[in-house]
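See structure below.
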Amino acid sequence: MAAEVEEAPAGGAEEIKPYKIHVSSKYLDLTKQKLEVTRLPHELSEPKSKDWWEPKSRVEPLIDFWLEQYSWRTQEDLLNTELPQFRTGFLIPSSEASIRIHFIHARSSHSNAIPLLLIPPFPFSNLSFGHLVKLFVDPEDVSNNQPFHLVIPSLPGVGFSDALPNNTSVISSSAELLNSLMSRLSYPHYLVTNAGSGAASPAEIDFKLANYMATHYSDSCLAAHFLSPPLTQPRLREAPVEWAKWSIASLFHAPILGYRREDFSALERNGYVRPLRKTPTPTQFGINQLGLREPNTLAYALCDSPTGLLVFVLKLLRLLGHKKEFTPTETINLTQLAWLPGPEAAMRFWAHCVRHPEAVAKKTTSKPRVGITVFLGDEPDTNEAGEGEAGADVELSDSAGDEAKDCYTCPSWANAKYNVIYTNRASGKSGLLAWERPDIIAAGVRGIASSILKWDSRLRQPPTPTTAPLEQVVVHSATAGEQSVPAPTPPAPALLAPPSTGERGQPHRQVSDETAVGSSPGENVAGKSPSPGPKIPSPAHLAPPTDERAHPRREASDDTAVEQPSNERA
């Protein structure tokens, strides 16, 4: 059962605060020390194993790069200047503290923009997807490409959002938090989209979140865009009409009743539908094979080893079957985004979803409106050359290739539970879609937006004052009304996403004084009042030079605290 989300008292955690990253030099030094004493396992040079991955040739050059060339401060500054970051809190009765959600919020300057909630692929941080801002907020051809007011949250326990309390239903509670966030931002109606394959997502978290929002919050979430959703064939008892259509079409392998020849070719190519055999579920493939059911054993190891976490990130990328060549900087950025705040809360989120699946069914008078993009898998696997790190040996074994397969879903299968208003059968595999083919995500969202806007005007926002692109973020709290907070100009597409260290509140891992993230003075957003209040600086100018920053302390362990102002340092 979802934890009930409540608004915090006025002037408290419910305020939307511009957010800046600043990691303590002490913690960065500790990371370097741990890298310097890394001990790697012995690997036999010949012959290569046919059963498992041997990553040593990949890992050693990356460790050297991390120690000798990588600069976190450079990445930190890029994120702080390029991305409009914010954080706001929600009270959960089972928690002694508010749950603070970190998010990117970029408002479009175009008058016809509509709100969009983009759920980042789990377990990646929202800060890894800053390169998507311009694509959605300020498209090149506005007359043909719908612009959006874009919100990219970090899921609870991921990146710099606080973790949910123990024994909390994570999918329903996270969905309620995200819906409440959109409401607080003065978006009573919005669209939601995945940014990665739902079937390939760990424990299908990406799909479950978008599905729950479309099903349970259909009055506000007017439509959802699914990518490779893990749907199954229609069943006679649940949807007899759709079952009959599928039975007839599959019997003759004919392009009739909503099915196409590509559907049957894709099913045969992926090998997931075989006569007289039970259809394997998506959880039997890809990342889900890791079967994370007890998170703490692995969490203790990864929280103490940046090298171990680096290998874990490389394995996730490998299982997703990516084609993008990540540079060493991009690879370390992905690792840092998990290492700095700590990976344990995300792993517990994952494990809870595996151990405690939640029912999503809700009795409604109408089916949720969705758009569906699937991937035909009709391109040869060209990823055998792998990633772009120097000296990387990334040939995929046969087993790894199987792990990276997409689980094909016929779009018409969705008719049993949803009102499908957009479909797209894309070529190739999903891979790391947000990096490799973000235009497919945008096309799907614009497809459902076009359909909704034809007969439902609720997505249209009321007129707002004319501003330069991305220079206004409208926030709303239960007691404070609306206030405009300047935000920075959107960045040009960038592939790196440095992390933002967050002040995780209780009940979470007590973080030491070295990784708490600092916020600049004056970050609180006051409510609207008859007389003009003091001007609030834009997020791009919130943080003065390092030696002048004041950082609110959070209870933390000795190795993760925010650097204090110069006059307070030991």
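Identifiers in the structure tokens: chain A, B, ... in order shown; residue index from 1 per chain; ligand index from 1 in order shown.
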Polymer residues at most 12 Å from A:Ser172, only C-alpha atoms, same-chain spacing of 3 or more positions, as a PDB file with all heavy atoms, in the first residue's frame:
ATOM      1  N   MET A   1       0.840  -1.187   0.000  1.00  0.00           N
ATOM      2  CA  MET A   1       0.000   0.000   0.000  1.00  0.00           C
ATOM      3  C   MET A   1       0.874   1.235   0.000  1.00  0.00           C
ATOM      4  O   MET A   1       1.882   1.312   0.688  1.00  0.00           O
ATOM      5  CB  MET A   1      -0.908   0.011   1.223  1.00  0.00           C
ATOM      6  CG  MET A   1      -1.894   1.175   1.261  1.00  0.00           C
ATOM      7  SD  MET A   1      -3.025   1.020   2.661  1.00  0.00           S
ATOM      8  CE  MET A   1      -4.034   2.472   2.400  1.00  0.00           C
ATOM      9  N   ALA A   2       0.515   2.219  -0.786  1.00  0.00           N
ATOM     10  CA  ALA A   2       1.327   3.416  -0.931  1.00  0.00           C
ATOM     11  C   ALA A   2       1.335   4.210   0.357  1.00  0.00           C
ATOM     12  O   ALA A   2       0.340   4.299   1.070  1.00  0.00           O
ATOM     13  CB  ALA A   2       0.800   4.287  -2.075  1.00  0.00           C
ATOM     14  N   ALA A   3       2.481   4.796   0.650  1.00  0.00           N
ATOM     15  CA  ALA A   3       2.569   5.692   1.786  1.00  0.00           C
ATOM     16  C   ALA A   3       1.850   6.984   1.433  1.00  0.00           C
ATOM     17  O   ALA A   3       2.011   7.534   0.347  1.00  0.00           O
ATOM     18  CB  ALA A   3       4.033   5.975   2.123  1.00  0.00           C
ATOM     19  N   GLU A   4       1.041   7.471   2.339  1.00  0.00           N
ATOM     20  CA  GLU A   4       0.286   8.682   2.073  1.00  0.00           C
ATOM     21  C   GLU A   4       1.214   9.884   2.098  1.00  0.00           C
ATOM     22  O   GLU A   4       2.007  10.074   3.025  1.00  0.00           O
ATOM     23  CB  GLU A   4      -0.812   8.860   3.117  1.00  0.00           C
ATOM     24  CG  GLU A   4      -1.696  10.085   2.877  1.00  0.00           C
ATOM     25  CD  GLU A   4      -2.750  10.230   3.951  1.00  0.00           C
ATOM     26  OE1 GLU A   4      -2.832   9.333   4.807  1.00  0.00           O
ATOM     27  OE2 GLU A   4      -3.458  11.239   3.939  1.00  0.00           O
ATOM     28  N   VAL A   5       1.152  10.696   1.060  1.00  0.00           N
ATOM     29  CA  VAL A   5       1.999  11.877   0.954  1.00  0.00           C
ATOM     30  C   VAL A   5       1.226  13.087   1.439  1.00  0.00           C
ATOM     31  O   VAL A   5       0.088  13.313   1.034  1.00  0.00           O
ATOM     32  CB  VAL A   5       2.463  12.098  -0.500  1.00  0.00           C
ATOM     33  CG1 VAL A   5       3.240  13.392  -0.620  1.00  0.00           C
ATOM     34  CG2 VAL A   5       3.316  10.920  -0.949  1.00  0.00           C
ATOM     35  N   PRO A 156      13.109   8.317  -5.776  1.00  0.00           N
ATOM     36  CA  PRO A 156      13.493   8.236  -4.365  1.00  0.00           C
ATOM     37  C   PRO A 156      14.640   7.245  -4.145  1.00  0.00           C
ATOM     38  O   PRO A 156      14.584   6.097  -4.587  1.00  0.00           O
ATOM     39  CB  PRO A 156      12.204   7.750  -3.681  1.00  0.00           C
ATOM     40  CG  PRO A 156      11.112   8.249  -4.559  1.00  0.00           C
ATOM     41  CD  PRO A 156      11.654   8.130  -5.962  1.00  0.00           C
ATOM     42  N   LEU A 164      12.900   6.363   0.347  1.00  0.00           N
ATOM     43  CA  LEU A 164      11.654   6.110   1.062  1.00  0.00           C
ATOM     44  C   LEU A 164      11.942   5.329   2.342  1.00  0.00           C
ATOM     45  O   LEU A 164      12.948   4.620   2.425  1.00  0.00           O
ATOM     46  CB  LEU A 164      10.690   5.312   0.178  1.00  0.00           C
ATOM     47  CG  LEU A 164      10.135   6.036  -1.044  1.00  0.00           C
ATOM     48  CD1 LEU A 164       9.486   5.033  -1.993  1.00  0.00           C
ATOM     49  CD2 LEU A 164       9.134   7.102  -0.637  1.00  0.00           C
ATOM     50  N   THR A 168       8.057   0.405   2.764  1.00  0.00           N
ATOM     51  CA  THR A 168       7.116   1.242   2.012  1.00  0.00           C
ATOM     52  C   THR A 168       6.988   0.691   0.600  1.00  0.00           C
ATOM     53  O   THR A 168       7.985   0.308  -0.019  1.00  0.00           O
ATOM     54  CB  THR A 168       7.614   2.701   1.945  1.00  0.00           C
ATOM     55  OG1 THR A 168       7.722   3.217   3.266  1.00  0.00           O
ATOM     56  CG2 THR A 168       6.657   3.569   1.145  1.00  0.00           C
ATOM     57  N   SER A 169       5.774   0.638   0.091  1.00  0.00           N
ATOM     58  CA  SER A 169       5.545   0.193  -1.290  1.00  0.00           C
ATOM     59  C   SER A 169       6.145   1.214  -2.241  1.00  0.00           C
ATOM     60  O   SER A 169       5.623   2.328  -2.374  1.00  0.00           O
ATOM     61  CB  SER A 169       4.045   0.026  -1.545  1.00  0.00           C
ATOM     62  OG  SER A 169       3.502  -0.938  -0.678  1.00  0.00           O
ATOM     63  N   ALA A 175       5.115   6.955  -7.347  1.00  0.00           N
ATOM     64  CA  ALA A 175       4.166   7.540  -8.297  1.00  0.00           C
ATOM     65  C   ALA A 175       3.385   8.672  -7.639  1.00  0.00           C
ATOM     66  O   ALA A 175       3.146   9.718  -8.263  1.00  0.00           O
ATOM     67  CB  ALA A 175       3.209   6.463  -8.806  1.00  0.00           C
ATOM     68  N   GLU A 176       2.996   8.494  -6.380  1.00  0.00           N
ATOM     69  CA  GLU A 176       2.264   9.546  -5.699  1.00  0.00           C
ATOM     70  C   GLU A 176       3.144  10.774  -5.472  1.00  0.00           C
ATOM     71  O   GLU A 176       2.691  11.916  -5.612  1.00  0.00           O
ATOM     72  CB  GLU A 176       1.718   9.045  -4.366  1.00  0.00           C
ATOM     73  CG  GLU A 176       0.838  10.067  -3.656  1.00  0.00           C
ATOM     74  CD  GLU A 176       0.081   9.489  -2.481  1.00  0.00           C
ATOM     75  OE1 GLU A 176       0.234   8.280  -2.218  1.00  0.00           O
ATOM     76  OE2 GLU A 176      -0.657  10.253  -1.842  1.00  0.00           O
ATOM     77  N   LEU A 177       4.423  10.549  -5.148  1.00  0.00           N
ATOM     78  CA  LEU A 177       5.342  11.667  -4.987  1.00  0.00           C
ATOM     79  C   LEU A 177       5.499  12.444  -6.292  1.00  0.00           C
ATOM     80  O   LEU A 177       5.488  13.680  -6.309  1.00  0.00           O
ATOM     81  CB  LEU A 177       6.701  11.154  -4.526  1.00  0.00           C
ATOM     82  CG  LEU A 177       6.826  10.737  -3.063  1.00  0.00           C
ATOM     83  CD1 LEU A 177       8.145  10.010  -2.827  1.00  0.00           C
ATOM     84  CD2 LEU A 177       6.728  11.951  -2.140  1.00  0.00           C
ATOM     85  N   LEU A 178       5.651  11.729  -7.400  1.00  0.00           N
ATOM     86  CA  LEU A 178       5.844  12.391  -8.688  1.00  0.00           C
ATOM     87  C   LEU A 178       4.585  13.145  -9.118  1.00  0.00           C
ATOM     88  O   LEU A 178       4.670  14.249  -9.672  1.00  0.00           O
ATOM     89  CB  LEU A 178       6.246  11.366  -9.746  1.00  0.00           C
ATOM     90  CG  LEU A 178       7.576  10.642  -9.507  1.00  0.00           C
ATOM     91  CD1 LEU A 178       7.875   9.681 -10.647  1.00  0.00           C
ATOM     92  CD2 LEU A 178       8.711  11.644  -9.335  1.00  0.00           C
ATOM     93  N   ASN A 179       3.426  12.565  -8.885  1.00  0.00           N
ATOM     94  CA  ASN A 179       2.184  13.269  -9.210  1.00  0.00           C
ATOM     95  C   ASN A 179       2.034  14.523  -8.348  1.00  0.00           C
ATOM     96  O   ASN A 179       1.618  15.583  -8.837  1.00  0.00           O
ATOM     97  CB  ASN A 179       0.993  12.339  -8.997  1.00  0.00           C
ATOM     98  CG  ASN A 179      -0.321  12.970  -9.423  1.00  0.00           C
ATOM     99  OD1 ASN A 179      -0.544  13.236 -10.603  1.00  0.00           O
ATOM    100  ND2 ASN A 179      -1.198  13.222  -8.465  1.00  0.00           N
ATOM    101  N   ILE A 205      11.009  -1.531 -13.395  1.00  0.00           N
ATOM    102  CA  ILE A 205      10.667  -0.348 -12.610  1.00  0.00           C
ATOM    103  C   ILE A 205      10.188   0.794 -13.503  1.00  0.00           C
ATOM    104  O   ILE A 205       9.196   1.471 -13.185  1.00  0.00           O
ATOM    105  CB  ILE A 205      11.870   0.084 -11.756  1.00  0.00           C
ATOM    106  CG1 ILE A 205      12.084  -0.922 -10.625  1.00  0.00           C
ATOM    107  CG2 ILE A 205      11.680   1.492 -11.183  1.00  0.00           C
ATOM    108  CD1 ILE A 205      13.379  -0.728  -9.863  1.00  0.00           C
ATOM    109  N   LYS A 208       6.640   0.092 -14.649  1.00  0.00           N
ATOM    110  CA  LYS A 208       5.687   0.066 -13.538  1.00  0.00           C
ATOM    111  C   LYS A 208       5.330   1.464 -13.060  1.00  0.00           C
ATOM    112  O   LYS A 208       4.169   1.744 -12.728  1.00  0.00           O
ATOM    113  CB  LYS A 208       6.253  -0.766 -12.387  1.00  0.00           C
ATOM    114  CG  LYS A 208       6.301  -2.262 -12.681  1.00  0.00           C
ATOM    115  CD  LYS A 208       6.947  -3.032 -11.536  1.00  0.00           C
ATOM    116  CE  LYS A 208       6.996  -4.526 -11.834  1.00  0.00           C
ATOM    117  NZ  LYS A 208       7.684  -5.279 -10.749  1.00  0.00           N
ATOM    118  N   LEU A 209       6.303   2.352 -13.013  1.00  0.00           N
ATOM    119  CA  LEU A 209       6.026   3.717 -12.564  1.00  0.00           C
ATOM    120  C   LEU A 209       5.105   4.452 -13.532  1.00  0.00           C
ATOM    121  O   LEU A 209       4.103   5.056 -13.126  1.00  0.00           O
ATOM    122  CB  LEU A 209       7.339   4.483 -12.394  1.00  0.00           C
ATOM    123  CG  LEU A 209       8.113   4.228 -11.112  1.00  0.00           C
ATOM    124  CD1 LEU A 209       9.493   4.872 -11.181  1.00  0.00           C
ATOM    125  CD2 LEU A 209       7.344   4.763  -9.908  1.00  0.00           C
ATOM    126  N   ALA A 210       5.449   4.424 -14.814  1.00  0.00           N
ATOM    127  CA  ALA A 210       4.618   5.117 -15.805  1.00  0.00           C
ATOM    128  C   ALA A 210       3.230   4.488 -15.872  1.00  0.00           C
ATOM    129  O   ALA A 210       2.220   5.203 -16.004  1.00  0.00           O
ATOM    130  CB  ALA A 210       5.294   5.079 -17.171  1.00  0.00           C
ATOM    131  N   ASN A 211       3.164   3.176 -15.790  1.00  0.00           N
ATOM    132  CA  ASN A 211       1.888   2.485 -15.840  1.00  0.00           C
ATOM    133  C   ASN A 211       1.017   2.844 -14.640  1.00  0.00           C
ATOM    134  O   ASN A 211      -0.195   3.070 -14.766  1.00  0.00           O
ATOM    135  CB  ASN A 211       2.125   0.973 -15.889  1.00  0.00           C
ATOM    136  CG  ASN A 211       0.844   0.181 -16.003  1.00  0.00           C
ATOM    137  OD1 ASN A 211      -0.051   0.528 -16.764  1.00  0.00           O
ATOM    138  ND2 ASN A 211       0.742  -0.897 -15.241  1.00  0.00           N
ATOM    139  N   TYR A 212       1.615   2.891 -13.452  1.00  0.00           N
ATOM    140  CA  TYR A 212       0.856   3.219 -12.245  1.00  0.00           C
ATOM    141  C   TYR A 212       0.302   4.641 -12.329  1.00  0.00           C
ATOM    142  O   TYR A 212      -0.856   4.894 -11.959  1.00  0.00           O
ATOM    143  CB  TYR A 212       1.741   3.069 -11.013  1.00  0.00           C
ATOM    144  CG  TYR A 212       0.968   2.996  -9.708  1.00  0.00           C
ATOM    145  CD1 TYR A 212       0.674   1.772  -9.134  1.00  0.00           C
ATOM    146  CD2 TYR A 212       0.516   4.149  -9.066  1.00  0.00           C
ATOM    147  CE1 TYR A 212      -0.046   1.685  -7.951  1.00  0.00           C
ATOM    148  CE2 TYR A 212      -0.200   4.082  -7.887  1.00  0.00           C
ATOM    149  CZ  TYR A 212      -0.484   2.848  -7.329  1.00  0.00           C
ATOM    150  OH  TYR A 212      -1.209   2.776  -6.165  1.00  0.00           O
ATOM    151  N   MET A 213       1.103   5.552 -12.837  1.00  0.00           N
ATOM    152  CA  MET A 213       0.649   6.940 -12.937  1.00  0.00           C
ATOM    153  C   MET A 213      -0.491   7.076 -13.940  1.00  0.00           C
ATOM    154  O   MET A 213      -1.472   7.783 -13.701  1.00  0.00           O
ATOM    155  CB  MET A 213       1.816   7.849 -13.309  1.00  0.00           C
ATOM    156  CG  MET A 213       2.925   7.866 -12.268  1.00  0.00           C
ATOM    157  SD  MET A 213       4.172   9.119 -12.550  1.00  0.00           S
ATOM    158  CE  MET A 213       3.267  10.599 -12.071  1.00  0.00           C
ATOM    159  N   ALA A 214      -0.368   6.390 -15.073  1.00  0.00           N
ATOM    160  CA  ALA A 214      -1.423   6.474 -16.083  1.00  0.00           C
ATOM    161  C   ALA A 214      -2.716   5.831 -15.608  1.00  0.00           C
ATOM    162  O   ALA A 214      -3.814   6.282 -15.966  1.00  0.00           O
ATOM    163  CB  ALA A 214      -0.954   5.806 -17.373  1.00  0.00           C
ATOM    164  N   THR A 215      -2.590   4.808 -14.761  1.00  0.00           N
ATOM    165  CA  THR A 215      -3.766   4.070 -14.303  1.00  0.00           C
ATOM    166  C   THR A 215      -4.434   4.730 -13.102  1.00  0.00           C
ATOM    167  O   THR A 215      -5.658   4.857 -13.056  1.00  0.00           O
ATOM    168  CB  THR A 215      -3.371   2.623 -13.947  1.00  0.00           C
ATOM    169  OG1 THR A 215      -2.772   2.004 -15.087  1.00  0.00           O
ATOM    170  CG2 THR A 215      -4.588   1.820 -13.521  1.00  0.00           C
ATOM    171  N   HIS A 216      -3.649   5.164 -12.138  1.00  0.00           N
ATOM    172  CA  HIS A 216      -4.198   5.664 -10.877  1.00  0.00           C
ATOM    173  C   HIS A 216      -4.331   7.183 -10.824  1.00  0.00           C
ATOM    174  O   HIS A 216      -5.022   7.701  -9.937  1.00  0.00           O
ATOM    175  CB  HIS A 216      -3.337   5.190  -9.707  1.00  0.00           C
ATOM    176  CG  HIS A 216      -3.508   3.739  -9.398  1.00  0.00           C
ATOM    177  ND1 HIS A 216      -4.308   3.273  -8.378  1.00  0.00           N
ATOM    178  CD2 HIS A 216      -2.998   2.628 -10.002  1.00  0.00           C
ATOM    179  CE1 HIS A 216      -4.275   1.958  -8.346  1.00  0.00           C
ATOM    180  NE2 HIS A 216      -3.484   1.540  -9.326  1.00  0.00           N
ATOM    181  N   TYR A 217      -3.682   7.881 -11.718  1.00  0.00           N
ATOM    182  CA  TYR A 217      -3.764   9.347 -11.709  1.00  0.00           C
ATOM    183  C   TYR A 217      -4.195   9.864 -13.076  1.00  0.00           C
ATOM    184  O   TYR A 217      -3.677  10.850 -13.589  1.00  0.00           O
ATOM    185  CB  TYR A 217      -2.411   9.946 -11.305  1.00  0.00           C
ATOM    186  CG  TYR A 217      -1.963   9.512  -9.936  1.00  0.00           C
ATOM    187  CD1 TYR A 217      -0.987   8.531  -9.793  1.00  0.00           C
ATOM    188  CD2 TYR A 217      -2.539  10.043  -8.792  1.00  0.00           C
ATOM    189  CE1 TYR A 217      -0.585   8.102  -8.535  1.00  0.00           C
ATOM    190  CE2 TYR A 217      -2.147   9.629  -7.528  1.00  0.00           C
ATOM    191  CZ  TYR A 217      -1.168   8.655  -7.402  1.00  0.00           C
ATOM    192  OH  TYR A 217      -0.786   8.232  -6.153  1.00  0.00           O
ATOM    193  N   CYS A 353      11.148  -3.938  -5.186  1.00  0.00           N
ATOM    194  CA  CYS A 353      10.292  -4.191  -6.348  1.00  0.00           C
ATOM    195  C   CYS A 353      10.312  -5.665  -6.744  1.00  0.00           C
ATOM    196  O   CYS A 353       9.301  -6.205  -7.199  1.00  0.00           O
ATOM    197  CB  CYS A 353      10.744  -3.332  -7.530  1.00  0.00           C
ATOM    198  SG  CYS A 353      10.324  -1.595  -7.388  1.00  0.00           S
ATOM    199  N   HIS A 356       8.404  -7.573  -3.654  1.00  0.00           N
ATOM    200  CA  HIS A 356       7.038  -7.179  -3.329  1.00  0.00           C
ATOM    201  C   HIS A 356       6.351  -6.545  -4.542  1.00  0.00           C
ATOM    202  O   HIS A 356       6.148  -5.323  -4.588  1.00  0.00           O
ATOM    203  CB  HIS A 356       7.028  -6.188  -2.160  1.00  0.00           C
ATOM    204  CG  HIS A 356       7.702  -6.705  -0.924  1.00  0.00           C
ATOM    205  ND1 HIS A 356       7.119  -7.637  -0.106  1.00  0.00           N
ATOM    206  CD2 HIS A 356       8.922  -6.439  -0.389  1.00  0.00           C
ATOM    207  CE1 HIS A 356       7.932  -7.908   0.904  1.00  0.00           C
ATOM    208  NE2 HIS A 356       9.037  -7.199   0.752  1.00  0.00           N
ATOM    209  N   PRO A 357       6.004  -7.332  -5.533  1.00  0.00           N
ATOM    210  CA  PRO A 357       5.294  -6.773  -6.703  1.00  0.00           C
ATOM    211  C   PRO A 357       3.950  -6.198  -6.283  1.00  0.00           C
ATOM    212  O   PRO A 357       3.253  -6.757  -5.430  1.00  0.00           O
ATOM    213  CB  PRO A 357       5.130  -7.986  -7.627  1.00  0.00           C
ATOM    214  CG  PRO A 357       5.260  -9.180  -6.736  1.00  0.00           C
ATOM    215  CD  PRO A 357       6.202  -8.796  -5.640  1.00  0.00           C
ATOM    216  N   GLU A 358       3.597  -5.068  -6.866  1.00  0.00           N
ATOM    217  CA  GLU A 358       2.359  -4.378  -6.509  1.00  0.00           C
ATOM    218  C   GLU A 358       1.313  -4.543  -7.603  1.00  0.00           C
ATOM    219  O   GLU A 358       1.618  -4.441  -8.796  1.00  0.00           O
ATOM    220  CB  GLU A 358       2.620  -2.880  -6.292  1.00  0.00           C
ATOM    221  CG  GLU A 358       3.595  -2.583  -5.175  1.00  0.00           C
ATOM    222  CD  GLU A 358       3.805  -1.103  -4.996  1.00  0.00           C
ATOM    223  OE1 GLU A 358       2.805  -0.347  -4.954  1.00  0.00           O
ATOM    224  OE2 GLU A 358       4.974  -0.668  -4.894  1.00  0.00           O
ATOM    225  N   ALA A 359       0.092  -4.759  -7.182  1.00  0.00           N
ATOM    226  CA  ALA A 359      -1.016  -4.826  -8.142  1.00  0.00           C
ATOM    227  C   ALA A 359      -1.327  -3.426  -8.624  1.00  0.00           C
ATOM    228  O   ALA A 359      -1.373  -2.469  -7.841  1.00  0.00           O
ATOM    229  CB  ALA A 359      -2.235  -5.445  -7.488  1.00  0.00           C
ATOM    230  N   VAL A 360      -1.558  -3.299  -9.928  1.00  0.00           N
ATOM    231  CA  VAL A 360      -1.808  -1.986 -10.509  1.00  0.00           C
ATOM    232  C   VAL A 360      -3.261  -1.813 -10.913  1.00  0.00           C
ATOM    233  O   VAL A 360      -3.737  -0.702 -11.105  1.00  0.00           O
ATOM    234  CB  VAL A 360      -0.894  -1.769 -11.742  1.00  0.00           C
ATOM    235  CG1 VAL A 360      -1.088  -0.398 -12.350  1.00  0.00           C
ATOM    236  CG2 VAL A 360       0.569  -1.954 -11.343  1.00  0.00           C
ATOM    237  N   ALA A 361      -4.006  -2.902 -11.016  1.00  0.00           N
ATOM    238  CA  ALA A 361      -5.368  -2.838 -11.540  1.00  0.00           C
ATOM    239  C   ALA A 361      -6.213  -1.855 -10.743  1.00  0.00           C
ATOM    240  O   ALA A 361      -6.174  -1.807  -9.520  1.00  0.00           O
ATOM    241  CB  ALA A 361      -6.004  -4.217 -11.505  1.00  0.00           C
TER     242      ALA A 361
END
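Take the candidates A:Leu83, A:Glu14, A:His131, A:Asp378 and check each one against A:Ala97 using only C-alpha atoms; the shortest distance goes to A:Glu14.
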- Item | Closest of A:Leu433, A:Leu191, A:Ile152, A:Ala345 to A:Asp219 - atom-to-atom distances counting only C-alpha atoms |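 Checking each of A:Leu433, A:Leu191, A:Ile152, A:Ala345 against A:Asp219, counting only C-alpha atoms, the winner is A:Leu191.
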- Coordinates-based distance that separates atom CA of A:Val311 from atom CA of A:Lys50 (Å, one decimal):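 Atom CA of A:Val311 lies at a distance of 19.0 Å from atom CA of A:Lys50.
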- Atom-to-atom span, atom CA of A:Ala434 and atom CA of A:Leu132, Å: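 Between atom CA of A:Ala434 and atom CA of A:Leu132 the gap is 7.7 Å.
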